[in-house]
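Listing of query-v2.cif; format and content: mmCIF, C-alpha atoms.
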data_data
#
loop_
_atom_site.group_PDB
_atom_site.id
_atom_site.type_symbol
_atom_site.label_atom_id
_atom_site.label_comp_id
_atom_site.auth_asym_id
_atom_site.auth_seq_id
_atom_site.Cartn_x
_atom_site.Cartn_y
_atom_site.Cartn_z
ATOM 1 C CA MET A 10 0.000 0.000 0.000
ATOM 2 C CA ALA A 11 2.732 2.471 0.942
ATOM 3 C CA ALA A 12 4.500 1.979 -2.380
ATOM 4 C CA ALA A 13 1.292 2.555 -4.332
ATOM 5 C CA LEU A 14 0.631 5.762 -2.423
ATOM 6 C CA CYS A 15 4.143 7.051 -3.063
ATOM 7 C CA LEU A 16 3.509 6.488 -6.761
ATOM 8 C CA ALA A 17 0.186 8.336 -6.536
ATOM 9 C CA SER A 18 1.887 11.369 -5.002
ATOM 10 C CA VAL A 19 4.053 11.938 -8.077
ATOM 11 C CA LEU A 20 1.420 11.446 -10.764
ATOM 12 C CA GLY A 21 0.442 14.516 -12.752
ATOM 13 C CA SER A 22 -2.677 16.425 -11.778
ATOM 14 C CA SER A 23 -4.299 15.821 -15.152
ATOM 15 C CA GLN A 24 -4.472 12.080 -14.593
ATOM 16 C CA VAL A 25 -7.979 10.585 -14.635
ATOM 17 C CA TYR A 26 -9.198 8.313 -11.863
ATOM 18 C CA ALA A 27 -9.795 4.673 -12.623
ATOM 19 C CA GLY A 28 -13.428 5.260 -11.699
ATOM 20 C CA GLY A 29 -13.712 8.338 -13.909
ATOM 21 C CA GLY A 30 -13.471 12.047 -13.165
ATOM 22 C CA THR A 31 -10.655 14.253 -11.912
ATOM 23 C CA GLN A 32 -9.953 15.790 -8.531
ATOM 24 C CA LYS A 33 -11.671 19.154 -8.109
ATOM 25 C CA VAL A 34 -10.813 21.715 -5.417
ATOM 26 C CA VAL A 35 -12.725 24.766 -4.186
ATOM 27 C CA LYS A 36 -11.487 27.137 -1.468
ATOM 28 C CA HIS A 37 -13.858 29.147 0.746
ATOM 29 C CA GLY A 38 -11.730 31.309 3.030
ATOM 30 C CA ASP A 39 -9.810 28.831 5.185
ATOM 31 C CA ASP A 40 -12.062 25.911 4.211
ATOM 32 C CA VAL A 41 -10.910 23.666 1.365
ATOM 33 C CA ILE A 42 -13.330 21.279 -0.375
ATOM 34 C CA VAL A 43 -11.630 18.447 -2.261
ATOM 35 C CA SER A 44 -13.949 16.366 -4.483
ATOM 36 C CA PHE A 45 -13.070 13.110 -6.216
ATOM 37 C CA ARG A 46 -14.612 9.907 -7.551
ATOM 38 C CA TYR A 47 -13.962 7.340 -4.838
ATOM 39 C CA ARG A 48 -16.280 4.581 -6.119
ATOM 40 C CA ASP A 49 -18.047 3.946 -9.396
ATOM 41 C CA GLY A 50 -20.969 6.357 -9.525
ATOM 42 C CA MET A 51 -20.024 8.010 -6.216
ATOM 43 C CA ASP A 52 -18.228 11.279 -5.499
ATOM 44 C CA MET A 53 -16.696 12.197 -2.167
ATOM 45 C CA HIS A 54 -16.370 15.748 -0.858
ATOM 46 C CA LEU A 55 -13.639 16.077 1.766
ATOM 47 C CA GLU A 56 -13.735 19.316 3.741
ATOM 48 C CA ILE A 57 -10.570 20.461 5.520
ATOM 49 C CA GLY A 58 -10.717 23.660 7.554
ATOM 50 C CA ARG A 59 -10.300 25.347 10.917
ATOM 51 C CA CYS A 60 -11.823 23.271 13.708
ATOM 52 C CA GLY A 61 -12.238 23.150 17.464
ATOM 53 C CA VAL A 62 -11.321 25.637 20.149
ATOM 54 C CA ASN A 63 -7.814 26.057 18.674
ATOM 55 C CA LYS A 64 -9.115 26.621 15.126
ATOM 56 C CA LEU A 65 -6.423 24.448 13.547
ATOM 57 C CA MET A 66 -6.708 22.875 10.096
ATOM 58 C CA ASN A 67 -8.358 19.477 10.426
ATOM 59 C CA VAL A 68 -10.633 17.096 8.569
ATOM 60 C CA LYS A 69 -13.914 18.932 9.102
ATOM 61 C CA ALA A 70 -16.493 16.777 7.309
ATOM 62 C CA ILE A 71 -16.880 14.046 4.700
ATOM 63 C CA TYR A 72 -19.813 13.957 2.259
ATOM 64 C CA ILE A 73 -20.738 11.426 -0.414
ATOM 65 C CA GLU A 74 -22.937 11.928 -3.466
ATOM 66 C CA SER A 75 -24.292 9.694 -6.215
ATOM 67 C CA ASP A 76 -22.994 10.834 -9.593
ATOM 68 C CA SER A 77 -23.531 8.936 -12.833
ATOM 69 C CA SER A 78 -21.809 11.554 -14.980
ATOM 70 C CA GLY A 79 -18.343 11.135 -16.430
ATOM 71 C CA ASP A 80 -16.785 13.827 -14.268
ATOM 72 C CA THR A 81 -16.544 14.756 -10.597
ATOM 73 C CA SER A 82 -19.015 17.205 -9.095
ATOM 74 C CA PRO A 83 -16.901 20.014 -7.562
ATOM 75 C CA ARG A 84 -19.297 21.260 -4.883
ATOM 76 C CA ILE A 85 -21.305 20.005 -1.928
ATOM 77 C CA SER A 86 -24.892 20.038 -3.169
ATOM 78 C CA PRO A 87 -28.329 19.350 -1.654
ATOM 79 C CA ARG A 88 -27.925 15.813 -3.029
ATOM 80 C CA SER A 89 -24.783 15.267 -0.954
ATOM 81 C CA ARG A 90 -25.093 13.149 2.176
ATOM 82 C CA LEU A 91 -23.067 13.897 5.295
ATOM 83 C CA LEU A 92 -21.029 10.824 6.178
ATOM 84 C CA VAL A 93 -18.835 12.176 8.989
ATOM 85 C CA LYS A 94 -18.877 15.523 10.811
ATOM 86 C CA SER A 95 -15.724 15.821 12.854
ATOM 87 C CA GLY A 96 -15.988 16.427 16.573
ATOM 88 C CA THR A 97 -12.359 15.626 17.329
ATOM 89 C CA ASP A 98 -8.879 15.883 15.882
ATOM 90 C CA TRP A 99 -7.390 13.727 13.130
ATOM 91 C CA ILE A 100 -3.870 15.100 13.609
ATOM 92 C CA GLY A 101 -3.205 14.461 17.246
ATOM 93 C CA PRO A 102 -2.449 16.707 20.232
ATOM 94 C CA TYR A 103 0.489 16.303 22.612
ATOM 95 C CA THR A 104 0.946 15.612 26.291
ATOM 96 C CA VAL A 105 4.014 17.837 26.562
ATOM 97 C CA ARG A 106 5.704 19.333 29.627
ATOM 98 C CA SER A 107 7.914 22.386 29.721
ATOM 99 C CA ASN A 108 11.084 21.495 31.603
ATOM 100 C CA GLN A 109 11.588 25.161 32.447
ATOM 101 C CA ALA A 110 8.202 25.850 34.057
ATOM 102 C CA GLY A 111 6.797 24.542 37.315
ATOM 103 C CA ASP A 112 5.250 21.076 37.071
ATOM 104 C CA THR A 113 2.264 21.294 39.391
ATOM 105 C CA SER A 114 -0.323 20.982 36.604
ATOM 106 C CA ARG A 115 -2.046 17.710 35.868
ATOM 107 C CA PRO A 116 -0.776 16.252 32.563
ATOM 108 C CA SER A 117 -3.266 16.831 29.733
ATOM 109 C CA PHE A 118 -3.341 17.096 25.965
ATOM 110 C CA THR A 119 -2.660 20.403 24.271
ATOM 111 C CA GLY A 120 -2.957 21.289 20.610
ATOM 112 C CA GLY A 121 -5.237 19.536 18.156
ATOM 113 C CA TRP A 122 -8.848 19.770 19.343
ATOM 114 C CA HIS A 123 -7.933 20.156 23.038
ATOM 115 C CA GLY A 124 -8.519 23.297 25.084
ATOM 116 C CA GLY A 125 -7.394 24.337 28.538
ATOM 117 C CA ASN A 126 -9.958 22.126 30.274
ATOM 118 C CA GLY A 127 -8.228 19.043 28.891
ATOM 119 C CA ASP A 128 -11.005 18.299 26.405
ATOM 120 C CA GLY A 129 -12.521 20.319 23.584
ATOM 121 C CA THR A 130 -13.382 23.239 25.847
ATOM 122 C CA GLY A 131 -11.595 26.017 27.680
ATOM 123 C CA ASN A 132 -9.008 28.498 26.515
ATOM 124 C CA PRO A 133 -7.026 27.664 23.377
ATOM 125 C CA THR A 134 -3.827 25.670 23.855
ATOM 126 C CA ALA A 135 -2.591 26.237 20.291
ATOM 127 C CA TRP A 136 -3.015 28.651 17.406
ATOM 128 C CA MET A 137 -2.281 28.772 13.717
ATOM 129 C CA GLU A 138 0.293 31.355 12.662
ATOM 130 C CA SER A 139 0.085 30.924 8.902
ATOM 131 C CA LEU A 140 -1.748 28.998 6.206
ATOM 132 C CA SER A 141 -0.924 28.402 2.558
ATOM 133 C CA VAL A 142 -3.252 26.652 0.092
ATOM 134 C CA THR A 143 -1.935 26.035 -3.425
ATOM 135 C CA ILE A 144 -3.058 24.024 -6.429
ATOM 136 C CA ASP A 145 -0.142 22.693 -8.473
ATOM 137 C CA GLY A 146 2.044 25.339 -6.836
ATOM 138 C CA GLN A 147 -0.265 28.296 -7.553
ATOM 139 C CA SER A 148 -2.319 30.238 -5.005
ATOM 140 C CA MET A 149 -6.076 29.666 -5.171
ATOM 141 C CA MET A 150 -8.818 32.260 -5.479
ATOM 142 C CA ASP A 151 -11.885 31.793 -3.309
ATOM 143 C CA ASP A 152 -14.959 30.081 -4.782
ATOM 144 C CA SER A 153 -13.291 29.129 -8.070
ATOM 145 C CA VAL A 154 -13.145 25.489 -9.199
ATOM 146 C CA TYR A 155 -9.653 24.082 -9.748
ATOM 147 C CA THR A 156 -8.524 20.716 -11.081
ATOM 148 C CA GLY A 157 -5.351 19.163 -9.753
ATOM 149 C CA ASP A 158 -3.249 18.414 -6.687
ATOM 150 C CA VAL A 159 -3.746 20.627 -3.646
ATOM 151 C CA ARG A 160 -1.230 21.410 -0.916
ATOM 152 C CA ILE A 161 -2.376 22.770 2.453
ATOM 153 C CA HIS A 162 0.450 23.942 4.696
ATOM 154 C CA ALA A 163 -0.148 25.272 8.219
ATOM 155 C CA VAL A 164 2.252 26.483 10.888
ATOM 156 C CA ASN A 165 0.943 26.079 14.435
ATOM 157 C CA TYR A 166 2.214 26.897 17.915
ATOM 158 C CA ILE A 167 1.450 24.562 20.854
ATOM 159 C CA THR A 168 1.623 25.246 24.585
ATOM 160 C CA ALA A 169 2.682 22.681 27.185
ATOM 161 C CA TYR A 170 0.159 21.514 29.770
ATOM 162 C CA ASN A 171 2.124 23.505 32.384
ATOM 163 C CA THR A 172 2.294 26.681 30.272
ATOM 164 C CA ILE A 173 -1.424 26.928 29.433
ATOM 165 C CA SER A 174 -1.905 29.690 32.022
ATOM 166 C CA THR A 175 0.886 31.814 30.532
ATOM 167 C CA GLY A 176 0.122 30.929 26.918
ATOM 168 C CA LYS A 177 3.799 30.299 26.220
ATOM 169 C CA PRO A 178 4.282 27.940 23.269
ATOM 170 C CA VAL A 179 6.823 25.129 23.468
ATOM 171 C CA LEU A 180 6.376 23.532 20.035
ATOM 172 C CA ARG A 181 6.299 24.899 16.497
ATOM 173 C CA GLU A 182 4.287 22.448 14.408
ATOM 174 C CA GLU A 183 4.220 22.351 10.609
ATOM 175 C CA VAL A 184 1.380 20.294 9.119
ATOM 176 C CA THR A 185 1.232 19.648 5.380
ATOM 177 C CA TYR A 186 -1.640 17.934 3.565
ATOM 178 C CA PHE A 187 -0.881 16.997 -0.037
ATOM 179 C CA ILE A 188 -4.042 15.622 -1.651
ATOM 180 C CA THR A 189 -3.791 13.908 -5.003
ATOM 181 C CA HIS A 190 -6.354 11.575 -6.593
ATOM 182 C CA GLY A 191 -8.300 11.474 -3.332
ATOM 183 C CA VAL A 192 -5.295 10.294 -1.301
ATOM 184 C CA VAL A 193 -4.462 12.613 1.609
ATOM 185 C CA ASN A 194 -0.713 12.475 2.223
ATOM 186 C CA VAL A 195 0.168 14.038 5.582
ATOM 187 C CA GLN A 196 3.499 15.273 6.871
ATOM 188 C CA VAL A 197 4.082 16.711 10.355
ATOM 189 C CA ALA A 198 7.310 18.225 11.668
ATOM 190 C CA SER A 199 7.397 19.706 15.176
ATOM 191 C CA SER A 200 10.399 21.519 16.667
ATOM 192 C CA ALA A 201 11.008 22.375 20.319
ATOM 193 C CA LEU A 202 11.121 26.067 21.228
ATOM 194 C CA SER A 203 12.670 25.278 24.634
ATOM 195 C CA SER A 204 13.539 22.257 26.762
ATOM 196 C CA ILE A 205 10.489 19.950 26.867
ATOM 197 C CA THR A 206 9.413 16.369 27.488
ATOM 198 C CA ILE A 207 6.698 14.754 25.356
ATOM 199 C CA LEU A 208 4.947 12.090 27.421
ATOM 200 C CA LYS A 209 2.315 10.998 24.931
ATOM 201 C CA TYR A 210 1.659 11.597 21.245
ATOM 202 C CA TYR A 211 -0.481 9.653 18.775
ATOM 203 C CA GLY A 212 -0.020 11.707 15.599
ATOM 204 C CA LEU A 213 -2.266 10.218 12.906
ATOM 205 C CA GLN A 214 -5.748 9.075 13.907
ATOM 206 C CA THR A 215 -9.297 8.767 12.605
ATOM 207 C CA GLN A 216 -12.751 9.612 13.836
ATOM 208 C CA ASP A 217 -14.636 6.394 13.199
ATOM 209 C CA PHE A 218 -18.195 6.123 11.891
ATOM 210 C CA SER A 219 -20.499 6.796 14.851
ATOM 211 C CA ASN A 220 -18.760 3.928 16.627
ATOM 212 C CA VAL A 221 -20.548 1.381 14.441
ATOM 213 C CA GLY A 222 -18.732 -0.741 11.886
ATOM 214 C CA MET A 223 -15.434 -2.608 11.726
ATOM 215 C CA VAL A 224 -11.763 -1.873 12.292
ATOM 216 C CA ARG A 225 -9.174 -4.013 10.512
ATOM 217 C CA TYR A 226 -5.501 -3.925 11.404
ATOM 218 C CA GLY A 227 -2.717 -4.508 8.921
ATOM 219 C CA ASN A 228 -1.749 -7.832 10.499
ATOM 220 C CA GLY A 229 -5.161 -9.348 9.709
ATOM 221 C CA LYS A 230 -6.885 -8.806 13.060
ATOM 222 C CA GLU A 231 -10.374 -7.310 12.833
ATOM 223 C CA TYR A 232 -12.960 -6.247 15.404
ATOM 224 C CA GLU A 233 -16.308 -4.520 15.670
ATOM 225 C CA LEU A 234 -16.170 -0.862 16.631
ATOM 226 C CA GLY A 235 -17.622 0.058 20.011
ATOM 227 C CA THR A 236 -15.280 -2.038 22.158
ATOM 228 C CA TYR A 237 -11.570 -1.651 22.831
ATOM 229 C CA SER A 238 -9.237 -3.445 20.432
ATOM 230 C CA ASP A 239 -5.647 -3.209 19.251
ATOM 231 C CA CYS A 240 -3.209 -4.870 16.857
ATOM 232 C CA GLY A 241 -1.217 -6.622 19.583
ATOM 233 C CA SER A 242 1.878 -5.504 21.447
ATOM 234 C CA LYS A 243 4.932 -4.210 19.639
ATOM 235 C CA GLY A 244 7.162 -6.580 21.614
ATOM 236 C CA ASP A 245 5.362 -9.568 20.116
ATOM 237 C CA GLY A 246 6.309 -8.486 16.603
ATOM 238 C CA ASN A 247 3.129 -6.575 15.796
ATOM 239 C CA ILE A 248 4.675 -3.622 13.940
ATOM 240 C CA VAL A 249 1.445 -2.644 12.197
ATOM 241 C CA ASN A 250 1.557 0.568 10.168
ATOM 242 C CA GLU A 251 -1.899 0.486 8.524
ATOM 243 C CA PHE A 252 -5.525 0.047 9.519
ATOM 244 C CA SER A 253 -8.960 0.545 7.991
ATOM 245 C CA VAL A 254 -12.331 1.473 9.445
ATOM 246 C CA THR A 255 -15.623 0.759 7.688
ATOM 247 C CA ASP A 256 -19.095 2.023 8.521
ATOM 248 C CA ALA A 257 -21.965 -0.390 9.109
ATOM 249 C CA LYS A 258 -23.570 0.384 5.728
ATOM 250 C CA ASP A 259 -20.313 -0.075 3.790
ATOM 251 C CA ASP A 260 -20.665 3.478 2.467
ATOM 252 C CA CYS A 261 -16.958 4.071 2.940
ATOM 253 C CA MET A 262 -13.702 2.558 4.115
ATOM 254 C CA ILE A 263 -11.051 4.892 5.509
ATOM 255 C CA VAL A 264 -7.551 3.467 5.222
ATOM 256 C CA ALA A 265 -4.863 5.152 7.328
ATOM 257 C CA GLY A 266 -1.151 4.477 7.343
ATOM 258 C CA ILE A 267 2.206 5.599 8.741
ATOM 259 C CA ASP A 268 5.452 5.585 6.764
ATOM 260 C CA THR A 269 7.767 3.314 8.788
ATOM 261 C CA SER A 270 10.887 4.755 7.133
ATOM 262 C CA GLU A 271 10.335 8.250 8.536
ATOM 263 C CA GLY A 272 10.926 9.601 12.051
ATOM 264 C CA LEU A 273 8.342 8.485 14.610
ATOM 265 C CA GLY A 274 7.126 5.891 12.109
ATOM 266 C CA HIS A 275 9.921 3.648 13.364
ATOM 267 C CA PHE A 276 7.787 3.250 16.538
ATOM 268 C CA ASP A 277 10.890 3.687 18.712
ATOM 269 C CA GLY A 278 8.897 6.063 20.924
ATOM 270 C CA ILE A 279 6.618 3.395 22.405
ATOM 271 C CA SER A 280 7.398 0.668 24.910
ATOM 272 C CA ASP A 281 7.336 -2.981 23.864
ATOM 273 C CA ASP A 282 4.065 -3.652 25.691
ATOM 274 C CA ARG A 283 2.224 -0.998 23.665
ATOM 275 C CA PRO A 284 0.365 -1.639 20.371
ATOM 276 C CA THR A 285 1.293 0.441 17.332
ATOM 277 C CA VAL A 286 -2.437 0.893 16.577
ATOM 278 C CA PHE A 287 -5.414 0.798 18.964
ATOM 279 C CA THR A 288 -9.137 1.591 19.019
ATOM 280 C CA PRO A 289 -10.829 2.667 22.286
ATOM 281 C CA SER A 290 -14.523 2.009 22.836
ATOM 282 C CA TYR A 291 -15.553 5.629 22.132
ATOM 283 C CA GLY A 292 -15.009 5.573 18.372
ATOM 284 C CA LYS A 293 -11.507 6.654 17.367
ATOM 285 C CA THR A 294 -8.514 4.719 16.071
ATOM 286 C CA TYR A 295 -4.983 5.891 16.851
ATOM 287 C CA PHE A 296 -1.414 5.227 15.923
ATOM 288 C CA ASP A 297 0.825 5.039 18.989
ATOM 289 C CA LEU A 298 3.955 7.152 18.374
ATOM 290 C CA ILE A 299 5.148 8.271 21.831
ATOM 291 C CA PHE A 300 3.959 6.396 24.926
ATOM 292 C CA GLY A 301 5.989 4.653 27.603
ATOM 293 C CA ARG A 302 9.266 6.151 26.347
ATOM 294 C CA SER A 303 9.153 9.867 27.023
ATOM 295 C CA LYS A 304 10.822 12.065 24.420
ATOM 296 C CA VAL A 305 13.123 14.699 25.934
ATOM 297 C CA MET A 306 13.845 17.515 23.469
ATOM 298 C CA ARG A 307 16.223 20.454 23.642
ATOM 299 C CA GLU A 308 15.524 23.746 21.909
ATOM 300 C CA GLY A 309 15.715 23.149 18.160
ATOM 301 C CA ASP A 310 15.208 19.371 18.323
ATOM 302 C CA GLU A 311 12.573 18.025 15.933
ATOM 303 C CA ILE A 312 10.172 15.114 15.653
ATOM 304 C CA ARG A 313 8.513 14.206 12.363
ATOM 305 C CA TRP A 314 6.356 11.615 10.651
ATOM 306 C CA LYS A 315 4.601 10.951 7.363
ATOM 307 C CA GLY A 316 1.341 9.128 6.755
ATOM 308 C CA TRP A 317 -1.776 9.018 4.639
ATOM 309 C CA TYR A 318 -5.538 8.674 4.462
ATOM 310 C CA LYS A 319 -7.237 6.909 1.593
ATOM 311 C CA PHE A 320 -10.978 6.455 0.967
ATOM 312 C CA GLU A 321 -12.415 3.328 -0.650
#

Let me see the structure of the file written as structure tokens.
Amino acid sequence: MAAALCLASVLGSSQVYAGGGTQKVVKHGDDVIVSFRYRDGMDMHLEIGRCGVNKLMNVKAIYIESDSSGDTSPRISPRSRLLVKSGTDWIGPYTVRSNQAGDTSRPSFTGGWHGGNGDGTGNPTAWMESLSVTIDGQSMMDDSVYTGDVRIHAVNYITAYNTISTGKPVLREEVTYFITHGVVNVQVASSALSSITILKYYGLQTQDFSNVGMVRYGNGKEYELGTYSDCGSKGDGNIVNEFSVTDAKDDCMIVAGIDTSEGLGHFDGISDDRPTVFTPSYGKTYFDLIFGRSKVMREGDEIRWKGWYKFE
């Protein structure tokens, strides 16, 4: 799968999907709608935009639409059906401690969808400094329809759980989405602004379909959503870098993967008793990138990973 996706990322934007139609992109302010033919006779509209209390770029919603024409419909229409409305992050937050501030705060996630209350509420714990959206290297005008590959690049700043009260950031995070032929290639690089320790970080994750359906891990294990499951412990040889989640109606399968040749994709940041992929009972599936082996970083140190989402 990883090799096929690498090939997809270098194909020209004028290529036609096997199912017919080309990728269409429309920008509305900071919202980007990417439309593509993901099944015969079916278009998908993927919306990426500012989300949550931190207003960071995230998968915002996924729509599907019947389309018997020979080309992709570029806009969400009254005929489109909402498949997923995000209520959580897809690019994960951090449990990160500043080593220079007092450590009396209870560890909690910051960044992503998480606010100062430790969940999706409270004061922001991150903010976006800059955003660039380009189609084949050119800036996009709002509300115009473009055909081709789209690159969304955001620079974010993240506080530690013990610097929320001061608002001092400890991480500079660069998130890049490169979407080609309906495949969302993701790259994240985060650099330390001061001495920090990352206790927990999942990176790539999915919001599953209303907690109903199936999750399938890359080593062949599969389970119903709604109960805890995982791919097995890393120490037992379960280095799983891909999973899929399917809704109960088989309207869509989301395939997610991590590049094991890049940075945290080596899974060196987790202890041997941890799984590389797990699904809690509340309806999300996560990669496990830092857990059980805290990552101490000096100013200027960087962590990075690459991964992808694909829709089938």

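Among the candidates A:Tyr72, A:Tyr226, A:Tyr155, A:Phe45, the one nearest to Ile248 (chain A) when counting all atoms listed in the file is A:Tyr226.
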
Would you mind telling me which residue in A:Phe118, A:Tyr295, A:Phe276, A:Phe252 lies nearest to Ala169 (chain A) when using only C-alpha atoms?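 Looking at the shortest contact to Ala169 (chain A), the residue is A:Phe118.
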
Could you tell me, as a short mmCIF file (atom, residue, chain, number, x, y, z; two decimals) with C-alpha atoms, in the coordinates of the input, exactly which residues end up selected when the PyMOL selection byres ((chain A and resi 50-55) around 7) is applied to this structure?
data_model
loop_
_atom_site.label_atom_id
_atom_site.label_comp_id
_atom_site.auth_asym_id
_atom_site.auth_seq_id
_atom_site.Cartn_x
_atom_site.Cartn_y
_atom_site.Cartn_z
CA ILE A 42 -13.33 21.28 -0.38
CA VAL A 43 -11.63 18.45 -2.26
CA SER A 44 -13.95 16.37 -4.48
CA PHE A 45 -13.07 13.11 -6.22
CA ARG A 46 -14.61 9.91 -7.55
CA TYR A 47 -13.96 7.34 -4.84
CA ARG A 48 -16.28 4.58 -6.12
CA ASP A 49 -18.05 3.95 -9.40
CA GLU A 56 -13.74 19.32 3.74
CA ILE A 57 -10.57 20.46 5.52
CA ALA A 70 -16.49 16.78 7.31
CA ILE A 71 -16.88 14.05 4.70
CA TYR A 72 -19.81 13.96 2.26
CA ILE A 73 -20.74 11.43 -0.41
CA GLU A 74 -22.94 11.93 -3.47
CA SER A 75 -24.29 9.69 -6.22
CA ASP A 76 -22.99 10.83 -9.59
CA SER A 77 -23.53 8.94 -12.83
CA THR A 81 -16.54 14.76 -10.60
CA SER A 82 -19.02 17.20 -9.10
CA ILE A 85 -21.30 20.00 -1.93
#

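If you measure from each of A:Asp260, A:Glu251, A:Glu183, A:Asp245 to Gly222 (chain A) using only C-alpha atoms, the closest one turns out to be A:Asp260.
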
So, with only C-alpha atoms as the atoms that count, which of A:Lys304, A:Lys36, A:Arg313, A:Lys69 lies closest to Ser204 (chain A)? A:Lys304

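Considering the residues A:Phe296, A:Trp136, A:Tyr291, A:Tyr186 and counting all atoms listed in the file, Asp158 (chain A) has its shortest atom-to-atom contact with A:Tyr186.
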
Could you tell me which residues the PyMOL selection byres ((chain A and resi 253) around 8) grabs in this file, written as a count of residues only? 11
